Amino acid sequence: MPDVIIPGPAGRIEGKYSPGKGETPPIALILHAHPLGGGHMENVSSLMMYDIFRKRGFATLRFNFRGVGRSEGTYDQGLGELSDAATALDWIQTYNGNAPFSWVAGHSFGAWIGMQLLMRRPEVAGFISVAPPTNMYDFTFLAPCPASGLIVHGSDDRIVPADDMERVMSKVRAQKGIDIRRQIEPGAGHMFTNHMEQLEKRIEDYLDERLPIVFRERATE
């Protein structure tokens with residue numbers, strides 16, 4: 001997996017990129033947890049989601065938001081970080097211009113950024129959101145949500161209580177035919193420490209079910 005440096009809106013963006021398999025692989029973008037809370041692209045959850053998509057043949061990119069690792073700039077309350085994510089997606093698309101679709105996967109703050117990105121980019125056909133911070137940020141921008149996806153939350157999350165996630169996400173409207181699936185992992189906290197295997201299985205099982213549908217849908221567009 002080669003190291004990459006992407007020209008970003010606040011300076012260089014540090015990333016890790018794995019080219020896809022075949023002539024027209026789909027794209028996956030992995031978004032890490034909060035930069036001020038220890039989030040970076042080498043977090044266990046980021047590595048796990050990166051490997052899931054890489055092994056499935058996706059052209060896969062994970063990167064550090066501005067001010068993290070070797071990425072330049074400073075934390076920007078989510079506005080700059082959304083710009084970083086859009087720039088990273090643009091970059092990977094320059095090398096995969098015939099990709100049938102893109103996918104975003106994020107943990108906590110990264111889940112919030114990813115769900116904002118999918119509202120702006122119609123090529124994003126699905127998402128994985130782990131522990132979205134519904135009690136910290138506004139999610140009403142999902143009006144309506146244009147892509148199906150999976151939300152996984154820990155029952156013992158003390159940072160973002162599972163009940164809060166359910167309250168917010170149960171009210172989100174979705175476009176016709178779109179399904180936002182919510183799953184609660186018993187005993188897991190916000191970072192899914194000691195529950196990473198269970199989280200991985202939930203994501204793998206969802207992708208096994210959902211990806212064939214997306215490939216068929218995008219092939220007919």
# chains A, B, ... in the order shown; residues from 1 in each chain; ligands from 1
call {"tool": "closest_atom_pairs", "arguments": {"of": "range 148-194 of chain A", "to": "range 34-53 of chain A", "cutoff": "10 Å", "atoms": "only C-alpha atoms", "output": "tab-separated table"}}
result
residue	atom	partner	partner_atom	distance
A:Met191	CA	A:Ser45	CA	7.9
A:Phe192	CA	A:Ser45	CA	8.1
A:Thr193	CA	A:Val44	CA	9.0
call {"tool": "select_by_dssp", "arguments": {"residues": "range 24-217 of chain A", "states": "strand (DSSP E or B)", "output": "PyMOL selection string"}}
result
chain A and resi 27-31+59-63+102-107+124-130+145+149-154+174+180-185
call {"tool": "atom_distance", "arguments": {"atom1": "CA of Leu29 in chain A", "atom2": "CA of Glu123 in chain A"}}
result
12.2 Å
call {"tool": "closest_residue", "arguments": {"among": "A:Pro144, A:Pro2, A:Pro26, A:Gly69", "to": "Glu14 in chain A", "atoms": "only C-alpha atoms"}}
result
A:Gly69
call {"tool": "closest_residue", "arguments": {"among": "A:Leu199, A:Leu79, A:Ile30, A:Ile151", "to": "Ile92 in chain A", "atoms": "only C-alpha atoms"}}
result
A:Ile30
call {"tool": "atom_distance", "arguments": {"atom1": "CA of Tyr206 in chain A", "atom2": "CA of Asp84 in chain A"}}
result
27.3 Å
call {"tool": "select_by_dssp", "arguments": {"residues": "range 68-137 of chain A", "states": "helix (DSSP H, G or I)", "output": "ChimeraX atom specification"}}
result
/A:79-94,109-120
call {"tool": "closest_residue", "arguments": {"among": "A:Ser83, A:Thr134, A:Ser129, A:Ser170", "to": "Ile203 in chain A", "atoms": "only C-alpha atoms"}}
result
A:Ser129
call {"tool": "closest_residue", "arguments": {"among": "A:Ala174, A:Val168, A:Leu142, A:Ala188", "to": "Gly154 in chain A", "atoms": "only C-alpha atoms"}}
result
A:Ala188
call {"tool": "closest_residue", "arguments": {"among": "A:Lys55, A:Arg173, A:Arg218, A:Arg120", "to": "Ala143 in chain A", "atoms": "only C-alpha atoms"}}
result
A:Arg173
call {"tool": "decode", "arguments": {"residues": "range 116-147 of chain A", "atoms": "N, CA and C atoms", "output": "compact mmCIF listing (two decimals), in the first residue's frame"}}
result
# COMPACT_ATOMS: atom_id res chain seq x y z
N GLN A 116 -21.99 13.64 5.24
CA GLN A 116 -22.11 14.92 4.55
C GLN A 116 -21.62 14.81 3.11
N LEU A 117 -20.53 14.06 2.94
CA LEU A 117 -19.95 13.92 1.61
C LEU A 117 -20.93 13.22 0.66
N LEU A 118 -21.60 12.18 1.14
CA LEU A 118 -22.50 11.44 0.25
C LEU A 118 -23.69 12.30 -0.18
N MET A 119 -24.04 13.31 0.62
CA MET A 119 -25.12 14.20 0.21
C MET A 119 -24.71 15.08 -0.97
N ARG A 120 -23.41 15.28 -1.12
CA ARG A 120 -22.89 16.18 -2.15
C ARG A 120 -22.39 15.44 -3.40
N ARG A 121 -22.22 14.14 -3.29
CA ARG A 121 -21.58 13.41 -4.38
C ARG A 121 -22.46 12.22 -4.80
N PRO A 122 -23.17 12.34 -5.92
CA PRO A 122 -24.09 11.27 -6.34
C PRO A 122 -23.40 9.96 -6.69
N GLU A 123 -22.09 10.00 -6.92
CA GLU A 123 -21.38 8.75 -7.21
C GLU A 123 -21.21 7.88 -5.97
N VAL A 124 -21.45 8.44 -4.77
CA VAL A 124 -21.36 7.64 -3.55
C VAL A 124 -22.62 6.79 -3.43
N ALA A 125 -22.45 5.49 -3.55
CA ALA A 125 -23.59 4.57 -3.61
C ALA A 125 -23.87 3.87 -2.29
N GLY A 126 -23.05 4.10 -1.27
CA GLY A 126 -23.28 3.44 0.00
C GLY A 126 -22.34 3.95 1.06
N PHE A 127 -22.67 3.64 2.31
CA PHE A 127 -21.83 4.12 3.41
C PHE A 127 -21.82 3.13 4.57
N ILE A 128 -20.74 3.20 5.33
CA ILE A 128 -20.62 2.52 6.62
C ILE A 128 -20.34 3.61 7.65
N SER A 129 -21.21 3.74 8.65
CA SER A 129 -21.02 4.73 9.70
C SER A 129 -20.93 4.02 11.05
N VAL A 130 -19.79 4.12 11.68
CA VAL A 130 -19.56 3.50 12.98
C VAL A 130 -19.65 4.59 14.05
N ALA A 131 -20.56 4.41 14.99
CA ALA A 131 -20.73 5.33 16.12
C ALA A 131 -20.86 6.79 15.68
N PRO A 132 -21.81 7.11 14.81
CA PRO A 132 -21.96 8.50 14.39
C PRO A 132 -22.30 9.39 15.59
N PRO A 133 -21.65 10.56 15.71
CA PRO A 133 -21.80 11.41 16.90
C PRO A 133 -23.05 12.28 16.83
N THR A 134 -24.20 11.66 16.95
CA THR A 134 -25.48 12.34 16.78
C THR A 134 -25.78 13.35 17.88
N ASN A 135 -25.09 13.23 19.03
CA ASN A 135 -25.33 14.18 20.13
C ASN A 135 -24.36 15.35 20.09
N MET A 136 -23.46 15.37 19.11
CA MET A 136 -22.46 16.43 19.01
C MET A 136 -22.63 17.29 17.76
N TYR A 137 -23.19 16.70 16.71
CA TYR A 137 -23.30 17.39 15.44
C TYR A 137 -24.71 17.24 14.87
N ASP A 138 -25.05 18.17 14.02
CA ASP A 138 -26.37 18.18 13.39
C ASP A 138 -26.39 17.21 12.21
N PHE A 139 -27.34 16.33 12.18
CA PHE A 139 -27.49 15.38 11.07
C PHE A 139 -28.73 15.67 10.23
N THR A 140 -29.35 16.83 10.41
CA THR A 140 -30.56 17.13 9.65
C THR A 140 -30.27 17.37 8.18
N PHE A 141 -28.98 17.46 7.81
CA PHE A 141 -28.65 17.61 6.39
C PHE A 141 -29.07 16.38 5.59
N LEU A 142 -29.31 15.26 6.25
CA LEU A 142 -29.77 14.05 5.58
C LEU A 142 -31.25 14.20 5.26
N ALA A 143 -31.54 14.96 4.24
CA ALA A 143 -32.94 15.32 3.97
C ALA A 143 -33.21 15.42 2.46
N PRO A 144 -33.54 14.32 1.82
CA PRO A 144 -33.47 12.95 2.35
C PRO A 144 -32.13 12.30 2.05
N CYS A 145 -31.84 11.22 2.73
CA CYS A 145 -30.60 10.49 2.50
C CYS A 145 -30.65 9.81 1.13
N PRO A 146 -29.62 10.00 0.29
CA PRO A 146 -29.69 9.49 -1.08
C PRO A 146 -29.09 8.11 -1.30
N ALA A 147 -28.48 7.53 -0.26
CA ALA A 147 -27.80 6.24 -0.44
C ALA A 147 -28.08 5.33 0.75
